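Take a look at the structure set out below.
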Amino acid sequence: MAEYSPKVIDHYSNPRNVGSFGKDEDNVGTGIVGAPECGDVMKLQLKINDDGIVEDAKFKTFGCGSAIASSSYVTELVKGKSVAEVAQIKNSVIVEELSLPPVKIHCSVLAEDAIKAAVKDWQERHDAKTGAAAKPKDDTAAA
Amino acid sequence: MSVPKRIYMDNHATTPMDPRVLEAMLPYFREHFGNAASRNHAFGWEAETAVDQAREQIAEVIGGKAKEIIFLSGATESDNLAIKGVVEFYKDKGNHVITAATEHKAVLDTCKALERKKLATVTYLPVDQQGRVSADQVREAITDKTILISIMVANNEIGTIQPIAEIGKLAKEKGILFHTDATQGFGKLPLDVNELGVDLVSGTGHKIYGPKGCGFLWVRSKGPRVRLTAQMDGGGHERGMRSGTLNVPGIVGLGAAAQIAKAEMATESARVIALRDRLHRLITDELDEVYLNGHPTERLPGNLNLSFAYIEGESMLMGLNGSSHGDLPAIAVSSGSACTSATLEPSYVLKALGVGDELAHTSIRFGLGRFNTQEEVDYVAGRVVSEVKRLRELSPLYEMAKEGIDLKQYFAGVQH
């Protein structure tokens, strides 16, 4: 087991934004990534307001110290950003912030996957709620 | 009494030296520094006398003869010499070796090296859920080419003790040589080479409160006389089986450690078992879903290997070992989690027991020993309980399980 950077230790010892949002909150996107067999499971939840801004985030992680720190850091990173910005976050930002060694890079990748999964989940709920109206707009944007 | 700054509970990895052992060794660094192979002066004679005394001390622990002890660098070299030495020497008789999936890497990788070089074919016996092989399994694996059986006394991760006497009886009946890696059992469990029917025994000093870098191989000299091809060429020391100037201070330390281990085995075992059971009870009284890995009774006195469902082993170690909570005492234990290994694979021993990867990732090995106190046990139990509770609050798996979600089903088919 490698030595940990001070920031990993800080997030591990004092994780930010631990917890879960209520099940009935419909403006929440949930991403659960990883698997128990691999030793890493992250649950990341993003609460996104009507303007498409991440108002709040919560996480729970099963994994090593670096996995816990990566997801804890992500909850700080996403707050106040737009959905589009959040979807662009790359794992390298996490690696740099936490000074993760090469063997722990997969923890940051998993955290990036968790963000993407949470955004996707929110998008699907959002689209379902607003009906087909959102669709043409997206298509236009894509074109 | 206050809790010490650091608590060592990793006594399967290594043990602290007993001060009595160090005392016995010191003169052999200074005034008695001679080469045990120097036949022409007192410096050599003193060294040789000390080495012979250590041979006696070790032989007494295992019921063998002093001259049957070969000194070498440690258990890894001892396993290598026993297995490679037998396979090479008896190549005209056969080339098949039987061992078990949960042996130490010093045995497994030696066998694999022989296979790679096409010097042997090896059967790796599976173990049961408690980590044991049976004599019947060995019997079924024997072929007319089988020349060696190598099964350990007790496992270093889970502490499971193998039925050595039953396998030894079978080996005798079939006329097959039987090697046992006694690294973890030597000096901790009563062992008698004749009652066990073994022909080669490997052991080392640093697991029994002696020095590192010094071990032994016991080689039966009669009934049968076991022959080995030396793996180290040189001056023909140790009856030609292991060349190299003897590590006299180390050997003196190994001998002293063996003598103390034998003299205090009964009382020490009882004390360590009581501490181990207390630790187990204090933890399970406070926490649910804690699983014991290994055999409930046939296990090393100091071994407690537990899986704490829903939390990952390395994160647990981080909470205990002083990486975080810097103001609290650092607790040294180890884990079968992938994250603690270079390969990112969870423990092959736990896998061999059929413990699922998800539980292997959550395992912690506590190794209690001679110098642990009840106060330390009580403190460690408290820290473990609070750390597990904290990490379970952080664990999405714990939350999902409490909600009644079937995790196996939920994560089925997830790529990893």
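Within each chain, counting starts at residue 1; across the structure tokens, chains are named A, B, ... in the order shown, with ligands numbered 1 upward in that order.
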
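Considering only segment 179-291 of chain B, backbone DSSP assigns strand (DSSP E or B) to His179, Thr180, Asp181, Leu200, Val201, Ser202, Gly203, Thr204, Gly215, Phe216, Leu217, Trp218, Val219, Val290 and Tyr291 of chain B.
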
(message) I'd like the neighbourhood of segment 101-110 of chain B as a VMD selection string, where a residue qualifies if any of its atoms comes within 10 Å (using only C-alpha atoms), though same-chain residues fewer than 4 positions away should be ignored.
(response) chain B and resid 75 to 84 114 to 116 122 to 127 131 to 133 150 to 158 160 180 to 181 183 347 to 353

Got time to write the residues from that selection, N, CA and C atoms, as a short mmCIF file (atom, residue, chain, number, x, y, z; two decimals), in the first residue's frame?
data_model
loop_
_atom_site.label_atom_id
_atom_site.label_comp_id
_atom_site.auth_asym_id
_atom_site.auth_seq_id
_atom_site.Cartn_x
_atom_site.Cartn_y
_atom_site.Cartn_z
N ALA B 75 12.99 -19.28 5.24
CA ALA B 75 12.02 -20.29 4.81
C ALA B 75 11.90 -20.37 3.29
N THR B 76 12.03 -19.26 2.60
CA THR B 76 11.92 -19.30 1.14
C THR B 76 13.04 -20.16 0.55
N GLU B 77 14.26 -19.93 1.00
CA GLU B 77 15.36 -20.76 0.51
C GLU B 77 15.15 -22.22 0.92
N SER B 78 14.63 -22.41 2.11
CA SER B 78 14.42 -23.76 2.61
C SER B 78 13.40 -24.52 1.75
N ASP B 79 12.30 -23.85 1.40
CA ASP B 79 11.29 -24.47 0.52
C ASP B 79 11.89 -24.76 -0.85
N ASN B 80 12.67 -23.81 -1.36
CA ASN B 80 13.31 -23.99 -2.67
C ASN B 80 14.23 -25.20 -2.66
N LEU B 81 15.08 -25.27 -1.63
CA LEU B 81 16.04 -26.37 -1.57
C LEU B 81 15.32 -27.72 -1.43
N ALA B 82 14.31 -27.75 -0.58
CA ALA B 82 13.60 -29.02 -0.36
C ALA B 82 12.97 -29.50 -1.66
N ILE B 83 12.24 -28.63 -2.33
CA ILE B 83 11.46 -29.05 -3.50
C ILE B 83 12.36 -29.25 -4.72
N LYS B 84 13.15 -28.24 -5.03
CA LYS B 84 14.04 -28.37 -6.20
C LYS B 84 15.08 -29.46 -5.96
N LEU B 114 9.64 -25.10 -11.64
CA LEU B 114 9.98 -26.47 -12.08
C LEU B 114 9.14 -26.88 -13.28
N GLU B 115 7.88 -26.48 -13.26
CA GLU B 115 7.01 -26.80 -14.40
C GLU B 115 7.49 -26.09 -15.68
N ARG B 116 7.84 -24.81 -15.50
CA ARG B 116 8.32 -24.03 -16.66
C ARG B 116 9.55 -24.66 -17.28
N VAL B 122 3.03 -30.74 -11.67
CA VAL B 122 2.59 -30.45 -10.30
C VAL B 122 1.07 -30.48 -10.21
N THR B 123 0.55 -31.13 -9.18
CA THR B 123 -0.88 -31.08 -8.87
C THR B 123 -1.09 -30.11 -7.73
N TYR B 124 -1.93 -29.10 -7.96
CA TYR B 124 -2.25 -28.13 -6.91
C TYR B 124 -3.63 -28.50 -6.37
N LEU B 125 -3.67 -29.12 -5.22
CA LEU B 125 -4.95 -29.59 -4.68
C LEU B 125 -5.82 -28.41 -4.23
N PRO B 126 -7.10 -28.45 -4.57
CA PRO B 126 -8.00 -27.43 -4.02
C PRO B 126 -8.20 -27.67 -2.53
N VAL B 127 -8.64 -26.64 -1.82
CA VAL B 127 -8.89 -26.79 -0.38
C VAL B 127 -10.39 -26.64 -0.13
N GLY B 131 -10.13 -24.16 4.28
CA GLY B 131 -8.73 -24.09 3.87
C GLY B 131 -7.95 -25.38 4.04
N ARG B 132 -8.65 -26.51 4.23
CA ARG B 132 -7.94 -27.77 4.46
C ARG B 132 -7.92 -28.67 3.23
N VAL B 133 -6.83 -29.43 3.11
CA VAL B 133 -6.79 -30.54 2.16
C VAL B 133 -6.93 -31.81 2.99
N SER B 150 4.18 -31.77 -0.88
CA SER B 150 4.56 -30.61 -0.06
C SER B 150 3.29 -29.91 0.41
N ILE B 151 3.02 -30.05 1.69
CA ILE B 151 1.83 -29.42 2.30
C ILE B 151 2.27 -28.71 3.57
N MET B 152 1.83 -27.49 3.72
CA MET B 152 2.27 -26.67 4.85
C MET B 152 1.64 -27.10 6.18
N VAL B 153 2.30 -26.78 7.28
CA VAL B 153 1.72 -27.06 8.60
C VAL B 153 0.51 -26.15 8.83
N ALA B 154 0.72 -24.85 8.64
CA ALA B 154 -0.38 -23.90 8.87
C ALA B 154 -0.24 -22.73 7.93
N ASN B 155 -1.37 -22.20 7.51
CA ASN B 155 -1.37 -21.14 6.50
C ASN B 155 -1.09 -19.76 7.12
N ASN B 156 -0.32 -18.98 6.40
CA ASN B 156 0.09 -17.66 6.88
C ASN B 156 -1.02 -16.62 6.85
N GLU B 157 -2.01 -16.80 5.99
CA GLU B 157 -3.09 -15.79 5.94
C GLU B 157 -4.25 -16.13 6.86
N ILE B 158 -4.72 -17.36 6.73
CA ILE B 158 -5.94 -17.73 7.46
C ILE B 158 -5.66 -18.62 8.66
N THR B 160 -5.12 -21.72 8.99
CA THR B 160 -5.63 -23.10 8.99
C THR B 160 -4.51 -24.13 9.09
N THR B 180 7.15 -30.46 4.53
CA THR B 180 6.17 -29.52 5.07
C THR B 180 6.83 -28.18 5.36
N ASP B 181 6.18 -27.12 4.89
CA ASP B 181 6.61 -25.76 5.18
C ASP B 181 6.02 -25.42 6.55
N THR B 183 6.83 -22.87 8.45
CA THR B 183 7.17 -21.49 8.80
C THR B 183 6.28 -20.91 9.89
N SER B 347 -6.56 -11.70 -2.41
CA SER B 347 -5.81 -12.85 -1.91
C SER B 347 -6.15 -14.17 -2.60
N TYR B 348 -5.14 -14.85 -3.14
CA TYR B 348 -5.38 -16.15 -3.77
C TYR B 348 -5.77 -17.20 -2.75
N VAL B 349 -5.38 -16.99 -1.51
CA VAL B 349 -5.74 -17.95 -0.46
C VAL B 349 -7.25 -17.88 -0.20
N LEU B 350 -7.75 -16.66 -0.02
CA LEU B 350 -9.19 -16.50 0.23
C LEU B 350 -9.99 -16.98 -0.98
N LYS B 351 -9.48 -16.71 -2.18
CA LYS B 351 -10.17 -17.18 -3.39
C LYS B 351 -10.25 -18.70 -3.40
N ALA B 352 -9.16 -19.33 -2.97
CA ALA B 352 -9.11 -20.80 -2.97
C ALA B 352 -10.15 -21.39 -2.00
N LEU B 353 -10.50 -20.64 -0.96
CA LEU B 353 -11.52 -21.11 -0.01
C LEU B 353 -12.92 -20.95 -0.57
#

(message) Please identify all residues of chain A having at least one atom at most 12 Å from any atom of chain B, considering only C-alpha atoms, and return them as an MDAnalysis selection string.
(response) chainID A and resid 1:20 23 30:45 58:69 71:72 102:104 106:107 110

Would you mind exporting the chosen residues as a JSON list (two decimals), in the first residue's frame, restricted to C-alpha atoms?
[["chain", "number", "residue", "atom", "x", "y", "z"],
["A", 1, "MET", "CA", 0.00, 0.00, 0.00],
["A", 2, "ALA", "CA", 1.43, 3.31, -1.08],
["A", 3, "GLU", "CA", 1.87, 6.39, 1.04],
["A", 4, "TYR", "CA", -1.06, 8.76, 0.68],
["A", 5, "SER", "CA", -0.96, 12.41, -0.25],
["A", 6, "PRO", "CA", -2.14, 14.86, 2.42],
["A", 7, "LYS", "CA", -5.24, 15.66, 0.35],
["A", 8, "VAL", "CA", -6.26, 11.99, 0.10],
["A", 9, "ILE", "CA", -5.83, 11.66, 3.84],
["A", 10, "ASP", "CA", -7.87, 14.82, 4.42],
["A", 11, "HIS", "CA", -10.78, 13.62, 2.24],
["A", 12, "TYR", "CA", -10.61, 10.13, 3.74],
["A", 13, "SER", "CA", -10.59, 11.42, 7.31],
["A", 14, "ASN", "CA", -13.15, 14.19, 6.72],
["A", 15, "PRO", "CA", -15.17, 13.17, 3.68],
["A", 16, "ARG", "CA", -17.34, 15.95, 2.25],
["A", 17, "ASN", "CA", -21.01, 15.56, 1.39],
["A", 18, "VAL", "CA", -21.52, 11.99, 2.53],
["A", 19, "GLY", "CA", -25.05, 10.70, 2.27],
["A", 20, "SER", "CA", -28.04, 10.22, 0.01],
["A", 23, "LYS", "CA", -35.87, 8.92, -2.99],
["A", 30, "THR", "CA", -27.90, 9.04, -9.37],
["A", 31, "GLY", "CA", -24.86, 7.21, -10.70],
["A", 32, "ILE", "CA", -23.77, 3.90, -9.20],
["A", 33, "VAL", "CA", -20.60, 2.55, -10.80],
["A", 34, "GLY", "CA", -18.08, -0.22, -10.10],
["A", 35, "ALA", "CA", -18.74, -3.62, -8.54],
["A", 36, "PRO", "CA", -18.17, -5.23, -5.14],
["A", 37, "GLU", "CA", -15.98, -7.93, -6.76],
["A", 38, "CYS", "CA", -13.60, -5.24, -7.99],
["A", 39, "GLY", "CA", -13.38, -3.65, -4.57],
["A", 40, "ASP", "CA", -14.81, -0.31, -5.70],
["A", 41, "VAL", "CA", -18.40, 0.93, -5.80],
["A", 42, "MET", "CA", -19.24, 4.63, -5.98],
["A", 43, "LYS", "CA", -22.65, 6.19, -5.65],
["A", 44, "LEU", "CA", -22.76, 9.83, -6.71],
["A", 45, "GLN", "CA", -25.92, 11.95, -6.62],
["A", 58, "LYS", "CA", -23.75, 13.63, -2.21],
["A", 59, "PHE", "CA", -21.73, 10.45, -2.34],
["A", 60, "LYS", "CA", -21.15, 7.08, -0.74],
["A", 61, "THR", "CA", -18.17, 4.92, -1.68],
["A", 62, "PHE", "CA", -17.03, 1.38, -0.99],
["A", 63, "GLY", "CA", -13.35, 1.29, -1.84],
["A", 64, "CYS", "CA", -9.85, 2.20, -0.82],
["A", 65, "GLY", "CA", -8.84, 5.57, 0.61],
["A", 66, "SER", "CA", -8.12, 6.98, -2.83],
["A", 67, "ALA", "CA", -11.56, 5.95, -4.10],
["A", 68, "ILE", "CA", -13.23, 7.60, -1.13],
["A", 69, "ALA", "CA", -11.12, 10.74, -1.60],
["A", 71, "SER", "CA", -15.56, 10.79, -4.89],
["A", 72, "SER", "CA", -15.48, 13.18, -1.95],
["A", 102, "PRO", "CA", -0.36, 5.37, -11.10],
["A", 103, "VAL", "CA", -1.88, 2.37, -9.29],
["A", 104, "LYS", "CA", -4.72, 4.59, -8.06],
["A", 106, "HIS", "CA", -8.52, 3.76, -11.77],
["A", 107, "CYS", "CA", -10.15, 5.41, -8.73],
["A", 110, "LEU", "CA", -14.38, 5.47, -11.64]]

(request) Between A:Val119, A:Ile89, A:Val95, A:Ala114, single out the one closest to Val54 of chain A, counting only C-alpha atoms. (result) A:Val119

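Among A:Asp121, A:Glu112, A:Gly80, A:Thr75, the residue with the shortest atom-to-atom distance to Ser92 of chain A, counting only C-alpha atoms, is A:Glu112.
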
(request) Could you give me the residues within segment 37-132 of chain A that DSSP places in alpha helix (DSSP H), as a ChimeraX atom specification? (result) /A:65-78,83-87,91-98,105-130

Could the residues in this selection be written to a file with C-alpha atoms, as a PDB file, in the first residue's frame?
ATOM      1  CA  GLY A  65      -8.838   5.567   0.615  1.00  0.00           C
ATOM      2  CA  SER A  66      -8.124   6.983  -2.834  1.00  0.00           C
ATOM      3  CA  ALA A  67     -11.556   5.954  -4.103  1.00  0.00           C
ATOM      4  CA  ILE A  68     -13.226   7.604  -1.127  1.00  0.00           C
ATOM      5  CA  ALA A  69     -11.118  10.740  -1.602  1.00  0.00           C
ATOM      6  CA  SER A  70     -11.812  10.874  -5.364  1.00  0.00           C
ATOM      7  CA  SER A  71     -15.563  10.786  -4.887  1.00  0.00           C
ATOM      8  CA  SER A  72     -15.476  13.180  -1.949  1.00  0.00           C
ATOM      9  CA  TYR A  73     -13.470  15.675  -4.038  1.00  0.00           C
ATOM     10  CA  VAL A  74     -15.879  15.294  -6.952  1.00  0.00           C
ATOM     11  CA  THR A  75     -18.829  16.391  -4.804  1.00  0.00           C
ATOM     12  CA  GLU A  76     -16.989  19.659  -4.135  1.00  0.00           C
ATOM     13  CA  LEU A  77     -15.897  20.045  -7.724  1.00  0.00           C
ATOM     14  CA  VAL A  78     -19.335  19.779  -9.319  1.00  0.00           C
ATOM     15  CA  VAL A  83     -24.675  20.030 -16.359  1.00  0.00           C
ATOM     16  CA  ALA A  84     -22.694  20.578 -19.556  1.00  0.00           C
ATOM     17  CA  GLU A  85     -19.584  21.594 -17.601  1.00  0.00           C
ATOM     18  CA  VAL A  86     -19.907  18.718 -15.197  1.00  0.00           C
ATOM     19  CA  ALA A  87     -20.202  16.225 -18.037  1.00  0.00           C
ATOM     20  CA  ASN A  91     -10.329  12.114 -14.400  1.00  0.00           C
ATOM     21  CA  SER A  92      -6.976  13.902 -14.844  1.00  0.00           C
ATOM     22  CA  VAL A  93      -8.331  16.813 -12.774  1.00  0.00           C
ATOM     23  CA  ILE A  94      -8.870  14.399  -9.882  1.00  0.00           C
ATOM     24  CA  VAL A  95      -5.469  12.740 -10.325  1.00  0.00           C
ATOM     25  CA  GLU A  96      -3.785  16.131 -10.185  1.00  0.00           C
ATOM     26  CA  GLU A  97      -5.749  17.517  -7.244  1.00  0.00           C
ATOM     27  CA  LEU A  98      -5.204  14.405  -5.095  1.00  0.00           C
ATOM     28  CA  ILE A 105      -5.647   6.217 -11.346  1.00  0.00           C
ATOM     29  CA  HIS A 106      -8.517   3.758 -11.773  1.00  0.00           C
ATOM     30  CA  CYS A 107     -10.147   5.407  -8.729  1.00  0.00           C
ATOM     31  CA  SER A 108     -10.280   8.715 -10.601  1.00  0.00           C
ATOM     32  CA  VAL A 109     -11.611   6.987 -13.713  1.00  0.00           C
ATOM     33  CA  LEU A 110     -14.381   5.473 -11.639  1.00  0.00           C
ATOM     34  CA  ALA A 111     -15.215   8.916 -10.225  1.00  0.00           C
ATOM     35  CA  GLU A 112     -15.453  10.315 -13.758  1.00  0.00           C
ATOM     36  CA  ASP A 113     -17.725   7.406 -14.689  1.00  0.00           C
ATOM     37  CA  ALA A 114     -19.887   8.165 -11.648  1.00  0.00           C
ATOM     38  CA  ILE A 115     -20.351  11.781 -12.773  1.00  0.00           C
ATOM     39  CA  LYS A 116     -21.318  10.672 -16.273  1.00  0.00           C
ATOM     40  CA  ALA A 117     -23.731   8.057 -14.925  1.00  0.00           C
ATOM     41  CA  ALA A 118     -25.363  10.584 -12.607  1.00  0.00           C
ATOM     42  CA  VAL A 119     -25.747  13.129 -15.407  1.00  0.00           C
ATOM     43  CA  LYS A 120     -27.203  10.489 -17.705  1.00  0.00           C
ATOM     44  CA  ASP A 121     -29.678   9.418 -15.043  1.00  0.00           C
ATOM     45  CA  TRP A 122     -30.745  13.025 -14.449  1.00  0.00           C
ATOM     46  CA  GLN A 123     -31.047  13.654 -18.203  1.00  0.00           C
ATOM     47  CA  GLU A 124     -33.298  10.645 -18.646  1.00  0.00           C
ATOM     48  CA  ARG A 125     -35.534  11.686 -15.758  1.00  0.00           C
ATOM     49  CA  HIS A 126     -35.553  15.256 -16.989  1.00  0.00           C
ATOM     50  CA  ASP A 127     -36.491  14.211 -20.521  1.00  0.00           C
ATOM     51  CA  ALA A 128     -39.217  11.926 -19.259  1.00  0.00           C
ATOM     52  CA  LYS A 129     -40.642  14.736 -17.173  1.00  0.00           C
ATOM     53  CA  THR A 130     -40.549  17.411 -19.878  1.00  0.00           C
TER      54      THR A 130
END

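Near segment 191-198 of chain B, within a cut-off of 6 Å and counting only C-alpha atoms, sit the residues Ile62, Gly63, Ala165, Gly168, Lys169, Phe178 and Leu200 of chain B, with same-chain residues fewer than 2 positions away left out.
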
Just write the chosen residues, all heavy atoms, as a PDB file, in the first residue's frame.
ATOM      1  N   ILE B  62      11.334 -30.186  17.077  1.00  0.00           N
ATOM      2  CA  ILE B  62      10.597 -30.991  16.094  1.00  0.00           C
ATOM      3  C   ILE B  62      10.863 -32.491  16.234  1.00  0.00           C
ATOM      4  O   ILE B  62      10.383 -33.289  15.429  1.00  0.00           O
ATOM      5  CB  ILE B  62      10.898 -30.535  14.639  1.00  0.00           C
ATOM      6  CG1 ILE B  62      12.400 -30.577  14.350  1.00  0.00           C
ATOM      7  CG2 ILE B  62      10.336 -29.144  14.397  1.00  0.00           C
ATOM      8  CD1 ILE B  62      12.740 -30.295  12.886  1.00  0.00           C
ATOM      9  N   GLY B  63      11.611 -32.865  17.252  1.00  0.00           N
ATOM     10  CA  GLY B  63      11.838 -34.289  17.495  1.00  0.00           C
ATOM     11  C   GLY B  63      12.773 -34.954  16.496  1.00  0.00           C
ATOM     12  O   GLY B  63      12.733 -36.174  16.321  1.00  0.00           O
ATOM     13  N   ALA B 165      -0.307 -35.255   9.939  1.00  0.00           N
ATOM     14  CA  ALA B 165      -0.053 -36.643  10.359  1.00  0.00           C
ATOM     15  C   ALA B 165      -0.759 -37.641   9.431  1.00  0.00           C
ATOM     16  O   ALA B 165      -0.191 -38.683   9.080  1.00  0.00           O
ATOM     17  CB  ALA B 165      -0.510 -36.842  11.802  1.00  0.00           C
ATOM     18  N   GLY B 168       1.083 -37.664   6.227  1.00  0.00           N
ATOM     19  CA  GLY B 168       2.378 -38.315   6.460  1.00  0.00           C
ATOM     20  C   GLY B 168       2.262 -39.831   6.476  1.00  0.00           C
ATOM     21  O   GLY B 168       3.121 -40.548   5.936  1.00  0.00           O
ATOM     22  N   LYS B 169       1.182 -40.305   7.081  1.00  0.00           N
ATOM     23  CA  LYS B 169       0.949 -41.747   7.142  1.00  0.00           C
ATOM     24  C   LYS B 169       0.796 -42.317   5.726  1.00  0.00           C
ATOM     25  O   LYS B 169       1.370 -43.361   5.384  1.00  0.00           O
ATOM     26  CB  LYS B 169      -0.330 -42.000   7.964  1.00  0.00           C
ATOM     27  CG  LYS B 169      -0.529 -43.422   8.378  1.00  0.00           C
ATOM     28  CD  LYS B 169      -1.600 -43.526   9.472  1.00  0.00           C
ATOM     29  CE  LYS B 169      -2.078 -44.960   9.567  1.00  0.00           C
ATOM     30  NZ  LYS B 169      -3.504 -45.114   9.228  1.00  0.00           N
ATOM     31  N   PHE B 178       7.833 -36.527   1.862  1.00  0.00           N
ATOM     32  CA  PHE B 178       6.843 -35.546   2.312  1.00  0.00           C
ATOM     33  C   PHE B 178       7.550 -34.347   2.929  1.00  0.00           C
ATOM     34  O   PHE B 178       8.221 -34.478   3.954  1.00  0.00           O
ATOM     35  CB  PHE B 178       5.900 -36.227   3.321  1.00  0.00           C
ATOM     36  CG  PHE B 178       4.780 -35.355   3.833  1.00  0.00           C
ATOM     37  CD1 PHE B 178       4.352 -34.209   3.140  1.00  0.00           C
ATOM     38  CD2 PHE B 178       4.118 -35.693   5.007  1.00  0.00           C
ATOM     39  CE1 PHE B 178       3.313 -33.430   3.618  1.00  0.00           C
ATOM     40  CE2 PHE B 178       3.067 -34.920   5.494  1.00  0.00           C
ATOM     41  CZ  PHE B 178       2.674 -33.782   4.794  1.00  0.00           C
ATOM     42  N   LEU B 200      10.973 -33.771   5.305  1.00  0.00           N
ATOM     43  CA  LEU B 200      11.663 -32.477   5.183  1.00  0.00           C
ATOM     44  C   LEU B 200      10.802 -31.413   5.844  1.00  0.00           C
ATOM     45  O   LEU B 200       9.587 -31.380   5.627  1.00  0.00           O
ATOM     46  CB  LEU B 200      11.871 -32.105   3.708  1.00  0.00           C
ATOM     47  CG  LEU B 200      12.734 -33.060   2.868  1.00  0.00           C
ATOM     48  CD1 LEU B 200      11.994 -33.453   1.603  1.00  0.00           C
ATOM     49  CD2 LEU B 200      14.069 -32.415   2.531  1.00  0.00           C
TER      50      LEU B 200
END

(message) Can you measure atom CA of Ile58 of chain B to atom CA of Val138 of chain B for me? One decimal in Å is fine.
(response) 28.7 Å
